Every structure is written in structure tokens, then in C-alpha cells.
file target.cif (mmCIF, C-alpha atoms)
data_entry
#
loop_
_atom_site.label_atom_id
_atom_site.label_comp_id
_atom_site.auth_asym_id
_atom_site.auth_seq_id
_atom_site.Cartn_x
_atom_site.Cartn_y
_atom_site.Cartn_z
CA MET A 1 61.78 -110.67 -13.78
CA TYR A 2 58.03 -110.28 -13.49
CA LEU A 3 55.95 -110.11 -16.67
CA ILE A 4 52.74 -108.06 -16.44
CA ILE A 5 50.52 -108.45 -19.51
CA PHE A 6 47.62 -106.09 -20.14
CA ASP A 7 44.55 -106.47 -22.31
CA VAL A 8 43.69 -103.22 -24.13
CA ASP A 9 39.98 -102.67 -24.88
CA GLY A 10 38.03 -102.48 -21.63
CA THR A 11 41.19 -102.72 -19.52
CA LEU A 12 43.58 -99.93 -20.50
CA LEU A 13 41.44 -98.17 -23.09
CA ASP A 14 37.78 -97.14 -22.92
CA SER A 15 37.07 -97.81 -26.58
CA GLN A 16 33.47 -98.98 -26.33
CA ASN A 17 31.95 -96.16 -28.39
CA THR A 18 34.32 -96.57 -31.32
CA ILE A 19 34.01 -100.36 -31.21
CA VAL A 20 30.23 -100.18 -31.32
CA HIS A 21 30.41 -97.68 -34.20
CA GLY A 22 32.64 -100.04 -36.18
CA PHE A 23 30.33 -103.01 -35.68
CA GLU A 24 27.31 -100.92 -36.64
CA ALA A 25 29.06 -99.99 -39.88
CA GLY A 26 29.83 -103.64 -40.59
CA PHE A 27 26.25 -104.78 -40.07
CA ALA A 28 24.83 -101.88 -42.08
CA ALA A 29 27.11 -102.69 -45.03
CA VAL A 30 25.54 -106.14 -45.50
CA GLY A 31 21.99 -105.17 -44.58
CA LEU A 32 21.73 -107.15 -41.35
CA PRO A 33 20.02 -105.81 -38.22
CA VAL A 34 22.49 -104.36 -35.75
CA PRO A 35 22.67 -106.19 -32.40
CA GLY A 36 22.13 -104.20 -29.22
CA ARG A 37 25.05 -102.38 -27.62
CA LYS A 38 25.29 -104.87 -24.75
CA THR A 39 25.46 -107.78 -27.19
CA ILE A 40 28.21 -106.12 -29.23
CA LEU A 41 30.27 -105.36 -26.14
CA SER A 42 29.91 -108.94 -24.93
CA ILE A 43 32.25 -110.13 -27.70
CA VAL A 44 34.95 -107.51 -27.10
CA GLY A 45 38.20 -109.38 -26.60
CA ARG A 46 37.72 -111.76 -29.52
CA SER A 47 39.59 -111.12 -32.75
CA LEU A 48 37.51 -109.12 -35.24
CA ASP A 49 36.52 -111.92 -37.61
CA MET A 50 35.63 -114.25 -34.75
CA ALA A 51 33.60 -111.50 -33.09
CA PHE A 52 31.52 -110.94 -36.24
CA ALA A 53 31.15 -114.70 -36.67
CA ASP A 54 29.84 -115.01 -33.11
CA LEU A 55 27.37 -112.17 -33.64
CA VAL A 56 25.88 -113.15 -37.02
CA GLY A 57 25.36 -116.83 -36.26
CA PRO A 58 25.83 -119.82 -38.59
CA GLU A 59 23.43 -118.61 -41.29
CA HIS A 60 25.47 -115.51 -42.21
CA GLN A 61 29.07 -116.68 -41.94
CA ASP A 62 29.63 -115.85 -45.60
CA LYS A 63 29.14 -112.15 -44.80
CA VAL A 64 31.84 -112.02 -42.11
CA PRO A 65 34.82 -111.13 -44.37
CA GLU A 66 32.98 -108.13 -45.84
CA MET A 67 31.77 -106.96 -42.43
CA ALA A 68 35.26 -107.18 -40.97
CA ALA A 69 36.72 -105.33 -43.96
CA VAL A 70 34.20 -102.51 -43.55
CA TYR A 71 35.01 -102.28 -39.82
CA ARG A 72 38.73 -102.02 -40.55
CA ALA A 73 38.25 -99.44 -43.31
CA GLU A 74 36.01 -97.35 -41.05
CA LYS A 75 38.61 -97.44 -38.28
CA ILE A 76 41.43 -96.39 -40.60
CA ALA A 77 39.38 -93.55 -42.09
CA ARG A 78 38.31 -92.21 -38.70
CA ARG A 79 41.84 -92.30 -37.32
CA LYS A 80 43.16 -90.43 -40.35
CA ALA A 81 40.44 -87.85 -39.69
CA GLY A 82 41.65 -87.42 -36.12
CA LEU A 83 38.70 -89.26 -34.62
CA ASP A 84 38.57 -92.34 -32.35
CA GLN A 85 40.81 -90.80 -29.69
CA ASP A 86 39.77 -93.34 -27.07
CA PRO A 87 40.70 -92.34 -23.49
CA LEU A 88 42.72 -94.41 -21.07
CA TYR A 89 40.86 -95.48 -17.96
CA PRO A 90 41.58 -93.46 -14.79
CA GLY A 91 44.83 -94.59 -13.25
CA ALA A 92 45.98 -96.63 -16.26
CA ARG A 93 48.88 -94.39 -17.26
CA GLU A 94 50.08 -94.07 -13.67
CA ALA A 95 50.01 -97.85 -13.23
CA ILE A 96 51.90 -98.41 -16.49
CA ASP A 97 54.54 -95.79 -15.67
CA ARG A 98 54.97 -97.05 -12.11
CA LEU A 99 55.49 -100.65 -13.23
CA HIS A 100 57.68 -99.65 -16.18
CA ALA A 101 60.00 -97.79 -13.77
CA ARG A 102 60.77 -101.00 -11.89
CA GLU A 103 63.94 -102.82 -12.87
CA ASP A 104 62.35 -106.22 -12.12
CA VAL A 105 59.24 -105.79 -14.29
CA LEU A 106 58.57 -106.33 -17.99
CA LEU A 107 55.30 -105.11 -19.49
CA GLY A 108 53.34 -106.74 -22.28
CA ILE A 109 50.10 -106.48 -24.23
CA ALA A 110 47.79 -109.27 -25.37
CA THR A 111 44.81 -107.97 -27.32
CA GLY A 112 42.24 -108.86 -29.95
CA LYS A 113 43.12 -105.57 -31.64
CA ALA A 114 45.26 -105.40 -34.74
CA LEU A 115 48.80 -104.15 -34.23
CA ARG A 116 47.97 -100.86 -35.96
CA GLY A 117 45.27 -100.28 -33.33
CA VAL A 118 47.83 -100.79 -30.57
CA HIS A 119 50.21 -98.38 -32.29
CA HIS A 120 47.37 -95.85 -32.57
CA MET A 121 46.80 -96.07 -28.80
CA MET A 122 50.51 -95.58 -28.19
CA ASP A 123 50.63 -92.58 -30.53
CA VAL A 124 47.61 -90.93 -28.91
CA HIS A 125 48.75 -91.53 -25.33
CA ASP A 126 52.54 -91.43 -25.76
CA LEU A 127 53.03 -95.02 -24.58
CA HIS A 128 55.78 -96.10 -26.94
CA GLY A 129 58.66 -97.91 -25.29
CA ARG A 130 56.65 -99.19 -22.34
CA PHE A 131 55.80 -102.69 -23.59
CA ILE A 132 58.49 -105.22 -24.43
CA THR A 133 56.12 -107.80 -25.92
CA ILE A 134 52.95 -107.03 -27.91
CA GLN A 135 50.65 -109.85 -29.00
CA THR A 136 47.75 -109.09 -31.33
CA ALA A 137 45.16 -110.66 -33.57
CA ASP A 138 47.56 -110.24 -36.52
CA THR A 139 49.69 -113.18 -35.41
CA SER A 140 47.66 -115.19 -32.88
CA PRO A 141 44.36 -117.08 -32.75
CA SER A 142 41.51 -115.36 -30.96
CA LYS A 143 41.33 -115.43 -27.18
CA PRO A 144 40.90 -117.64 -25.17
CA HIS A 145 43.47 -119.65 -27.15
CA PRO A 146 46.73 -119.39 -25.14
CA ASP A 147 48.97 -118.54 -28.11
CA MET A 148 49.37 -114.88 -27.07
CA ILE A 149 50.52 -115.92 -23.61
CA GLU A 150 52.87 -118.55 -25.00
CA ARG A 151 54.41 -116.07 -27.44
CA ALA A 152 54.87 -113.46 -24.69
CA LEU A 153 56.59 -116.00 -22.45
CA SER A 154 58.82 -117.15 -25.31
CA GLU A 155 59.80 -113.60 -26.31
CA THR A 156 60.65 -112.50 -22.77
CA GLY A 157 61.89 -115.72 -21.19
CA ALA A 158 59.60 -115.00 -18.24
CA ASP A 159 58.60 -117.67 -15.73
CA PRO A 160 54.85 -118.42 -15.90
CA GLU A 161 54.72 -118.31 -12.09
CA ARG A 162 55.97 -114.71 -12.23
CA THR A 163 53.61 -113.71 -15.03
CA VAL A 164 50.10 -112.29 -14.79
CA MET A 165 47.42 -111.41 -17.36
CA ILE A 166 45.22 -108.43 -16.52
CA GLY A 167 41.90 -108.10 -18.36
CA ASP A 168 38.20 -107.38 -18.17
CA THR A 169 36.77 -110.42 -19.94
CA GLY A 170 36.32 -114.11 -19.38
CA PHE A 171 38.34 -114.58 -22.58
CA ASP A 172 41.35 -112.99 -20.85
CA MET A 173 40.97 -115.11 -17.73
CA ALA A 174 40.51 -118.35 -19.67
CA MET A 175 43.51 -117.52 -21.87
CA ALA A 176 45.67 -116.95 -18.80
CA ARG A 177 44.54 -120.21 -17.26
CA ALA A 178 45.22 -122.12 -20.49
CA GLY A 179 48.63 -120.49 -20.75
CA GLY A 180 49.60 -121.42 -17.20
CA VAL A 181 49.95 -117.86 -15.86
CA HIS A 182 48.19 -115.86 -13.15
CA ALA A 183 45.09 -113.77 -13.89
CA ILE A 184 43.70 -110.52 -12.46
CA GLY A 185 40.22 -109.42 -13.53
CA VAL A 186 39.10 -105.79 -13.65
CA THR A 187 35.50 -104.71 -13.18
CA TRP A 188 35.42 -101.49 -15.21
CA GLY A 189 35.29 -103.20 -18.62
CA TYR A 190 32.52 -104.51 -20.83
CA HIS A 191 31.79 -108.04 -19.61
CA ASP A 192 29.85 -109.40 -16.65
CA HIS A 193 32.52 -109.21 -13.97
CA SER A 194 30.57 -111.58 -11.72
CA GLN A 195 31.85 -114.41 -13.97
CA LEU A 196 35.53 -113.47 -13.92
CA THR A 197 36.45 -115.68 -10.98
CA ALA A 198 34.70 -118.67 -12.52
CA ASP A 199 36.64 -118.04 -15.72
CA GLY A 200 39.98 -118.09 -13.90
CA ALA A 201 40.62 -114.75 -12.18
CA GLU A 202 42.65 -115.16 -8.99
CA ARG A 203 42.15 -111.54 -7.93
CA ILE A 204 39.51 -108.94 -8.86
CA ILE A 205 40.21 -105.21 -8.75
CA HIS A 206 37.76 -102.33 -9.07
CA ARG A 207 40.23 -99.48 -9.59
CA PHE A 208 43.77 -99.23 -10.92
CA ASP A 209 45.01 -98.09 -7.53
CA GLU A 210 44.22 -101.60 -6.26
CA LEU A 211 46.59 -103.21 -8.76
CA ASP A 212 49.78 -102.88 -6.72
CA GLN A 213 48.36 -104.76 -3.75
CA ALA A 214 46.96 -107.48 -6.00
CA LEU A 215 50.39 -107.97 -7.58
CA ILE A 216 52.05 -108.08 -4.17
CA GLU A 217 49.65 -110.79 -3.03
CA LEU A 218 49.67 -112.81 -6.23
CA LEU A 219 53.28 -112.58 -7.38
CA LYS A 220 54.95 -111.84 -4.02
CA MET A 221 56.37 -108.64 -5.43
CA GLU A 222 58.37 -106.50 -3.03
CA LYS A 223 56.07 -103.83 -1.65
CA GLU A 224 58.74 -101.22 -0.90
CA THR A 225 59.78 -101.03 -4.55
CA MET A 226 56.30 -100.56 -5.99
#

call {"tool": "encode", "arguments": {"input": "target.cif", "output": "C-alpha cells"}}
result
Amino acid sequence: MYLIIFDVDGTLLDSQNTIVHGFEAGFAAVGLPVPGRKTILSIVGRSLDMAFADLVGPEHQDKVPEMAAVYRAEKIARRKAGLDQDPLYPGAREAIDRLHAREDVLLGIATGKALRGVHHMMDVHDLHGRFITIQTADTSPSKPHPDMIERALSETGADPERTVMIGDTGFDMAMARAGGVHAIGVTWGYHDHSQLTADGAERIIHRFDELDQALIELLKMEKETM
């Protein structure tokens, strides 16, 4: 079996606007100046508390728990109100469905989101039942620690040589490298994609319709069954 693991924010889901809104709410709650949009998006991929810790610096670490709590509360309230319906990137659903239809492929998720955020995405986009292993910030250290990869491999019994992590950040690529699996970087996310190869990406794709060929080259998947 092949194991294909996807990051969520910036890879499957274009959630940048709702992420920025949540961080703005967190900073406003403690009276700190809000970083620029580019700075906020640069930490996407980290778990929430680590992301706030990175952004506020050493002098305001005591404010991180409150900021993270405000972010979470804002997310929950907006979802209950029917807001934060983040779209999938073009081609994401087709790629997921195509891979899910293969008998030799297992799909997984490894994300800095909380599990409830992943479930929200699945509810909104009818993706339940596609992913056999889901690793989140609820149970794992923040990327680039390899725990999410290790848990996914343990849960599925997949061979690291037949496993690939797909993501838009250096955190994803470094996590894959630390976990001993392959890595594919995507350029439509929120980080500087010129650094993805240096961080461990073995292939770079610019559109989801390039994913099949990248998997064929990297994992030696059979082309005729894609």
C-alpha cells in the first residue's frame, strides 16, 4: 500500500482569511499590535500555541494561552454562525477522490489544526471517509517534529519508502524528512516556496493536476491505474 499524507491549511484548504482573522482577534484581546498578514501566514503549519509563541517573542510568552483561547473561541463561534466556509483549492477534491478510489492507496492528514477543524472541513466539503489516519495538534507536537508521521505510519503499517507528505510549508518538508518519508511541496500555499527544496521537498508541484506524475516518479506508482 501507498500512504499519501496531506497537510490541510495552504495545501488542501485556502483558509488564509479565517486564520488571519483568528490571529487578529487573539492579538487584540491582549492589547498587542497585530503583525502584518505576511508575518501571520509565515507561521501557518505550526500548532496554535507555538504559532502565537513565535509571533509574540520571548517578552510576551505569558499572554500566549489567552491569545490561543480567544482564537479557538472565535473559530467555534464563527463556525456555529455558518461562517469560515474555507474553500478547497482547485483540483483538491478531484485529487483526493482519484487517489481514494485506488485499492493500493491509503490517505492521511497531518495538520497543525485541531481535530475539530479537520472535522469542520470534512463536514463542509463532504470528505468524511476519505482519510484513514488523521494526525492533528491535539495529540502531536508541532511540526516539524516527526510525531505525526510516525503515528500515521504506526496506524497504517505503511512502509516509509511508499509514503509521501504533501504540504506547502518548510515545516511539512522538514517533518517528512525527519520522519523518513518522501516529501512533495506545493507552491500555492502561504510560505516562500523557493525554500521548499532546501527544507526537504523531493518534488515541487504548481497545480493539483501535476500530483499524479509526481507520485509516479517518486513512489513508482503504476501510471495506468491513476

call {"tool": "atom_distance", "arguments": {"input": "target.cif", "atom1": "atom CA of Ala110 of chain A", "atom2": "atom CA of Ala183 of chain A"}}
result
12.6 Å

call {"tool": "residues_around", "arguments": {"input": "target.cif", "residues": "Ala29 of chain A", "least_positions_apart": "2", "cutoff": "12 Å", "atoms": "all atoms listed in the file", "output": "compact mmCIF listing (two decimals) with C-alpha atoms, in the coordinates of the input"}}
result
# COMPACT_ATOMS: atom_id res chain seq x y z
CA GLY A 22 32.64 -100.04 -36.18
CA PHE A 23 30.33 -103.01 -35.68
CA GLU A 24 27.31 -100.92 -36.64
CA ALA A 25 29.06 -99.99 -39.88
CA GLY A 26 29.83 -103.64 -40.59
CA PHE A 27 26.25 -104.78 -40.07
CA GLY A 31 21.99 -105.17 -44.58
CA LEU A 32 21.73 -107.15 -41.35
CA PRO A 33 20.02 -105.81 -38.22
CA VAL A 34 22.49 -104.36 -35.75
CA LYS A 63 29.14 -112.15 -44.80
CA VAL A 64 31.84 -112.02 -42.11
CA PRO A 65 34.82 -111.13 -44.37
CA GLU A 66 32.98 -108.13 -45.84
CA MET A 67 31.77 -106.96 -42.43
CA ALA A 68 35.26 -107.18 -40.97
CA ALA A 69 36.72 -105.33 -43.96
CA VAL A 70 34.20 -102.51 -43.55
CA TYR A 71 35.01 -102.28 -39.82
CA ALA A 73 38.25 -99.44 -43.31
CA GLU A 74 36.01 -97.35 -41.05

call {"tool": "resolve_selection", "arguments": {"input": "target.cif", "expression": "the PyMOL selection byres ((chain A and resi 5) around 9)", "output": "MDAnalysis selection string"}}
result
chainID A and resid 3:4 6:7 106:110 131 133:134 149 152 163:167

call {"tool": "resolve_selection", "arguments": {"input": "target.cif", "expression": "the PyMOL selection byres ((chain A and resi 84) around 9)", "output": "list in words"}}
result
Ser15, Asn17, Thr18, Lys75, Arg78, Arg79, Ala81, Gly82, Leu83, Gln85 and Asp86 of chain A

call {"tool": "resolve_selection", "arguments": {"input": "target.cif", "expression": "the PyMOL selection byres ((chain A and resi 96) around 10)", "output": "list in words"}}
result
Ile4, Phe6, Leu12, Gly91, Ala92, Arg93, Glu94, Ala95, Asp97, Arg98, Leu99, His100, Ala101, Leu107, Leu127, Arg130, Phe131 and Phe208 of chain A

call {"tool": "atom_distance", "arguments": {"input": "target.cif", "atom1": "atom CA of Ala201 of chain A", "atom2": "atom CA of Ile184 of chain A"}}
result
5.2 Å

call {"tool": "atom_distance", "arguments": {"input": "target.cif", "atom1": "atom CA of Pro146 of chain A", "atom2": "atom CA of Val20 of chain A"}}
result
26.1 Å

call {"tool": "residues_around", "arguments": {"input": "target.cif", "residues": "segment 44-51 of chain A", "least_positions_apart": "4", "cutoff": "8 Å", "atoms": "all atoms listed in the file", "output": "NGL selection string"}}
result
:A and (9 or 40 or 55 or 64-65 or 68 or 111-113 or 137 or 141-144 or 169 or 171-172 or 190)

call {"tool": "closest_residue", "arguments": {"input": "target.cif", "among": "A:Met221, A:Leu13, A:Leu41, A:Ala28", "to": "Asp192 of chain A", "atoms": "all atoms listed in the file"}}
result
A:Leu41

call {"tool": "residues_around", "arguments": {"input": "target.cif", "residues": "Ile204 of chain A", "least_positions_apart": "2", "cutoff": "10 Å", "atoms": "only C-alpha atoms", "output": "count of residues only"}}
result
19

call {"tool": "closest_residue", "arguments": {"input": "target.cif", "among": "A:Arg37, A:His191, A:His182, A:His60", "to": "Glu217 of chain A", "atoms": "only C-alpha atoms"}}
result
A:His182

call {"tool": "closest_residue", "arguments": {"input": "target.cif", "among": "A:Gly180, A:Gly129, A:Gly10, A:Gly170", "to": "Leu88 of chain A", "atoms": "all atoms listed in the file"}}
result
A:Gly10

call {"tool": "closest_residue", "arguments": {"input": "target.cif", "among": "A:Met121, A:Gly189, A:Pro35, A:Arg162", "to": "Lys220 of chain A", "atoms": "only C-alpha atoms"}}
result
A:Arg162

call {"tool": "residues_around", "arguments": {"input": "target.cif", "residues": "Arg116 of chain A", "least_positions_apart": "4", "cutoff": "10 Å", "atoms": "all atoms listed in the file", "output": "list in words"}}
result
Ile76, His120, Met121, Met122, Thr136 and Asp138 of chain A

call {"tool": "decode", "arguments": {"input": "target.cif", "residues": "segment 98-182 of chain A", "atoms": "C-alpha atoms", "output": "mmCIF file, in the first residue's frame"}}
result
data_model
loop_
_atom_site.group_PDB
_atom_site.id
_atom_site.type_symbol
_atom_site.label_atom_id
_atom_site.label_comp_id
_atom_site.auth_asym_id
_atom_site.auth_seq_id
_atom_site.Cartn_x
_atom_site.Cartn_y
_atom_site.Cartn_z
ATOM 1 C CA ARG A 98 -8.970 9.842 -7.583
ATOM 2 C CA LEU A 99 -6.447 8.567 -5.029
ATOM 3 C CA HIS A 100 -9.142 7.305 -2.662
ATOM 4 C CA ALA A 101 -10.580 5.187 -5.493
ATOM 5 C CA ARG A 102 -7.326 3.242 -5.820
ATOM 6 C CA GLU A 103 -7.147 -0.071 -3.998
ATOM 7 C CA ASP A 104 -3.405 0.364 -3.339
ATOM 8 C CA VAL A 105 -3.604 3.822 -1.714
ATOM 9 C CA LEU A 106 -4.335 4.970 1.829
ATOM 10 C CA LEU A 107 -4.904 8.667 2.506
ATOM 11 C CA GLY A 108 -3.928 10.587 5.612
ATOM 12 C CA ILE A 109 -3.851 14.072 7.096
ATOM 13 C CA ALA A 110 -1.122 15.701 9.175
ATOM 14 C CA THR A 111 -2.022 19.220 10.240
ATOM 15 C CA GLY A 112 -1.436 21.879 12.860
ATOM 16 C CA LYS A 113 -5.208 22.254 13.066
ATOM 17 C CA ALA A 114 -7.225 20.835 15.920
ATOM 18 C CA LEU A 115 -9.264 17.736 15.118
ATOM 19 C CA ARG A 116 -12.498 19.732 15.267
ATOM 20 C CA GLY A 117 -11.132 21.961 12.494
ATOM 21 C CA VAL A 118 -10.461 18.911 10.339
ATOM 22 C CA HIS A 119 -13.973 17.628 11.015
ATOM 23 C CA HIS A 120 -15.359 21.046 10.062
ATOM 24 C CA MET A 121 -13.544 20.847 6.713
ATOM 25 C CA MET A 122 -14.936 17.359 6.148
ATOM 26 C CA ASP A 123 -18.464 18.485 7.019
ATOM 27 C CA VAL A 124 -18.302 21.499 4.703
ATOM 28 C CA HIS A 125 -16.788 19.616 1.767
ATOM 29 C CA ASP A 126 -18.254 16.137 2.320
ATOM 30 C CA LEU A 127 -14.855 14.479 2.771
ATOM 31 C CA HIS A 128 -15.703 12.011 5.513
ATOM 32 C CA GLY A 129 -14.442 8.502 4.927
ATOM 33 C CA ARG A 130 -11.553 9.514 2.679
ATOM 34 C CA PHE A 131 -8.729 9.593 5.235
ATOM 35 C CA ILE A 132 -7.723 6.517 7.190
ATOM 36 C CA THR A 133 -5.291 8.328 9.502
ATOM 37 C CA ILE A 134 -5.691 11.886 10.821
ATOM 38 C CA GLN A 135 -2.923 13.491 12.864
ATOM 39 C CA THR A 136 -3.534 16.865 14.498
ATOM 40 C CA ALA A 137 -2.190 19.292 17.057
ATOM 41 C CA ASP A 138 -4.455 17.671 19.673
ATOM 42 C CA THR A 139 -2.170 14.655 20.020
ATOM 43 C CA SER A 140 1.189 15.571 18.452
ATOM 44 C CA PRO A 141 3.938 18.149 18.954
ATOM 45 C CA SER A 142 4.053 20.987 16.459
ATOM 46 C CA LYS A 143 5.610 20.453 13.049
ATOM 47 C CA PRO A 144 8.428 19.896 12.129
ATOM 48 C CA HIS A 145 8.585 17.274 14.901
ATOM 49 C CA PRO A 146 8.075 13.900 13.145
ATOM 50 C CA ASP A 147 5.490 12.559 15.607
ATOM 51 C CA MET A 148 2.580 12.982 13.152
ATOM 52 C CA ILE A 149 4.437 10.989 10.509
ATOM 53 C CA GLU A 150 5.425 8.307 12.999
ATOM 54 C CA ARG A 151 1.851 7.964 14.247
ATOM 55 C CA ALA A 152 0.491 7.743 10.692
ATOM 56 C CA LEU A 153 2.986 5.017 9.812
ATOM 57 C CA SER A 154 2.173 3.114 13.004
ATOM 58 C CA GLU A 155 -1.597 3.339 12.477
ATOM 59 C CA THR A 156 -1.479 2.192 8.848
ATOM 60 C CA GLY A 157 1.515 -0.135 8.833
ATOM 61 C CA ALA A 158 2.756 1.681 5.736
ATOM 62 C CA ASP A 159 6.349 1.446 4.523
ATOM 63 C CA PRO A 160 8.146 4.822 4.796
ATOM 64 C CA GLU A 161 9.539 4.286 1.290
ATOM 65 C CA ARG A 162 5.969 4.104 -0.026
ATOM 66 C CA THR A 163 4.789 7.116 1.973
ATOM 67 C CA VAL A 164 4.781 10.778 0.968
ATOM 68 C CA MET A 165 3.908 14.014 2.790
ATOM 69 C CA ILE A 166 2.352 16.757 0.661
ATOM 70 C CA GLY A 167 2.440 20.308 2.019
ATOM 71 C CA ASP A 168 3.075 23.969 1.348
ATOM 72 C CA THR A 169 5.500 24.813 4.156
ATOM 73 C CA GLY A 170 9.057 24.132 5.163
ATOM 74 C CA PHE A 171 7.593 22.678 8.373
ATOM 75 C CA ASP A 172 5.901 19.958 6.297
ATOM 76 C CA MET A 173 9.047 19.170 4.329
ATOM 77 C CA ALA A 174 11.261 19.075 7.424
ATOM 78 C CA MET A 175 8.745 16.863 9.234
ATOM 79 C CA ALA A 176 8.720 14.422 6.322
ATOM 80 C CA ARG A 177 12.497 14.323 6.227
ATOM 81 C CA ALA A 178 12.704 13.749 9.999
ATOM 82 C CA GLY A 179 10.095 11.016 9.724
ATOM 83 C CA GLY A 180 11.936 9.207 6.951
ATOM 84 C CA VAL A 181 9.255 9.594 4.265
ATOM 85 C CA HIS A 182 9.121 11.318 0.881
#
